[in-house]
Amino acid sequence: MLILVVNAGSSSLKYQLIDMDGEKVLAKGNCDRIGIDGHISHKTHDGRQINEDCSFPTHTEAFEKLVDSLVNGEAAVIDSMSEISAVGHRVVQGAEVFSETTIATDEVIDKIDELAELAPVHNHAHALALRACKKVFSEDVPQVVVFDTAFHQTMPPKAYMYGIPYGDYEKYHVRKYGFHGTSHRFVSAALSKAMGKDLKDLKIVSCHLGNGSSITAIENGKSIDTSMGFTPLDGVIMGTRSGAIDASAVTYLAKKMNLSPDEMSSYLNKQCGFLGVSDVSSDNREIYAAINNGDEKAQLTADMLRYEIKKYIGSYAAVMNGLDAVIFTGGIGENSWEVRGGVCTNMDYLGIKIDFDLNKTVRGTLTKISTPDSKVEVWVIPTNEELLIARDTLAIISK
Ligand code: AMP
């Protein structure tokens, strides 16, 4: 049975076509730089590739291109879309409406789109991908949605509550939900396998660093705290999101700039972060390209990210009363030696020492980058949310 998994992010659309007999990936790729210009990298299981600049004004064009790449041309892996039994989609925010994986009916897609106010950069992109998918596939191909909030439901109230009146929490459901749950679940399981240790015996800080970033404390295999909050805006500085900011600074800025709540939300989610501070780009690679050209605001942006990640690692080591491993994953975590190296510099008090030469060579491969005498193991672990989504999708359509 073939399952197509779609992971539509704010500027990227990763996909995998997985044969569930043996969980073999037939083809995978990434349509990235959506909304900037566009590029597809597509690779088949037998090494055929497409690397092509494209025009991706929105996710719809990116999705159409990935479908075309699966069916037509030199790197096609199937003759017809009818060979695909189901499509599984990653969805960032399920709030309290969706507590488990579900079939994506038109009503469900509309609801996901409505929830976009809680995840302004992501949920609308998911809805676009779902609708584009429905246009391409026949009605009898189930579309399944897997929510990123589920893994963090194990957080204790002291971690997920904000200091607001309890009645307001009950009435409006305002609390920390956390995101990237599928990724944190996947990489922590992969870490336990790589270390040869039971998850129950590990205290882990998992750093998913991409266009959106979240850092999670995982104890006994469960999320006990995470950097993203009620929405994916909270935590460390991101591509276009501010990350954590004093709520009074938000109301002050709104008054000064005469912004409505929606405009303020759009400002914080789309105009801030790397893009806002550096005035260069939301893209980590372009930030480092600018640093190499002596750009001081790009340098400040990079320094802020590395400093904030360090603080999360330290605070989560404190709440877990120990630390066995740090994971770097996501587009930045897997590929940016500069970010990993900066975070792991001067961390010997916490027992973190990495091999800086080895770190420089690691891009997207499962690798232990800590030195043999480091008390805390540091790993680069490519995330595979797609595989977990495919398994969830298979489970729901097999019911
Ligand atoms: P994601 O949201 O996980 O797709 O990650 C996107 C981020 O990863 C962007 O900021 C990219 O600049 C960054 N990224 C992707 N590839 C690399 C690379 N080879 N080196 C540095 N950063 C990268």
# chains A, B, ... in the order shown; residues from 1 in each chain; ligands from 1
>>> closest_atom_pairs(of="chain A", to="ligand 1", cutoff="9 Å", atoms="only C-alpha atoms and all ligand atoms", output="Markdown table")
| residue | atom | partner | partner_atom_place_in_ligand_line | distance |
| --- | --- | --- | --- | --- |
| A:Gly9 | CA | ligand 1 | 2 (O) | 6.4 |
| A:Ser10 | CA | ligand 1 | 2 (O) | 7.3 |
| A:Ser11 | CA | ligand 1 | 2 (O) | 7.0 |
| A:Ser12 | CA | ligand 1 | 4 (O) | 5.7 |
| A:Leu13 | CA | ligand 1 | 4 (O) | 8.0 |
| A:Lys14 | CA | ligand 1 | 4 (O) | 7.9 |
| A:Asn30 | CA | ligand 1 | 4 (O) | 8.4 |
| A:Asp32 | CA | ligand 1 | 4 (O) | 7.3 |
| A:Arg33 | CA | ligand 1 | 9 (C) | 8.8 |
| A:His208 | CA | ligand 1 | 3 (O) | 7.8 |
| A:Leu209 | CA | ligand 1 | 3 (O) | 6.5 |
| A:Gly210 | CA | ligand 1 | 5 (O) | 3.4 |
| A:Asn211 | CA | ligand 1 | 2 (O) | 3.7 |
| A:Gly212 | CA | ligand 1 | 2 (O) | 5.7 |
| A:Ser213 | CA | ligand 1 | 2 (O) | 7.9 |
| A:Met238 | CA | ligand 1 | 10 (O) | 8.3 |
| A:Gly239 | CA | ligand 1 | 10 (O) | 6.3 |
| A:Phe274 | CA | ligand 1 | 10 (O) | 8.8 |
| A:Ser281 | CA | ligand 1 | 10 (O) | 9.0 |
| A:Ser282 | CA | ligand 1 | 10 (O) | 6.5 |
| A:Asp283 | CA | ligand 1 | 10 (O) | 3.8 |
| A:Asn284 | CA | ligand 1 | 12 (O) | 3.6 |
| A:Arg285 | CA | ligand 1 | 12 (O) | 4.1 |
| A:Glu286 | CA | ligand 1 | 12 (O) | 6.6 |
| A:Ile287 | CA | ligand 1 | 12 (O) | 7.9 |
| A:Tyr288 | CA | ligand 1 | 21 (C) | 7.9 |
| A:Thr329 | CA | ligand 1 | 3 (O) | 8.0 |
| A:Gly330 | CA | ligand 1 | 3 (O) | 4.2 |
| A:Gly331 | CA | ligand 1 | 5 (O) | 3.4 |
| A:Ile332 | CA | ligand 1 | 8 (O) | 4.0 |
| A:Gly333 | CA | ligand 1 | 8 (O) | 7.6 |
| A:Glu334 | CA | ligand 1 | 17 (C) | 7.7 |
| A:Asn335 | CA | ligand 1 | 18 (C) | 4.5 |
| A:Ser336 | CA | ligand 1 | 21 (C) | 4.1 |
| A:Trp337 | CA | ligand 1 | 21 (C) | 7.5 |
| A:Glu338 | CA | ligand 1 | 21 (C) | 8.0 |
| A:Val339 | CA | ligand 1 | 21 (C) | 8.4 |
| A:Arg363 | CA | ligand 1 | 19 (N) | 6.8 |
| A:Gly364 | CA | ligand 1 | 19 (N) | 8.3 |
>>> residues_around(residues="A:Tyr312", least_positions_apart="6", cutoff="10 Å", atoms="only C-alpha atoms", output="list in words")
Val205, Cys207, Ser214, Ile215, Thr216, Ala217, Thr226, Ser227, Gly235, Val236 and Ala318 of chain A
>>> atom_distance(atom1="atom CA of A:Asp279", atom2="atom CA of A:Asn123")
25.6 Å
>>> residues_around(residues="stretch 129-141 of chain A", least_positions_apart="5", cutoff="10 Å", atoms="only C-alpha atoms", output="ChimeraX atom specification")
/A:6-9,13,58-64,67,81-89,104-106,109-110,112,123-124
>>> closest_residue(among="A:Gln16, A:Asn51, A:Thr231, A:Thr182", to="A:Leu388", atoms="only C-alpha atoms")
A:Thr182
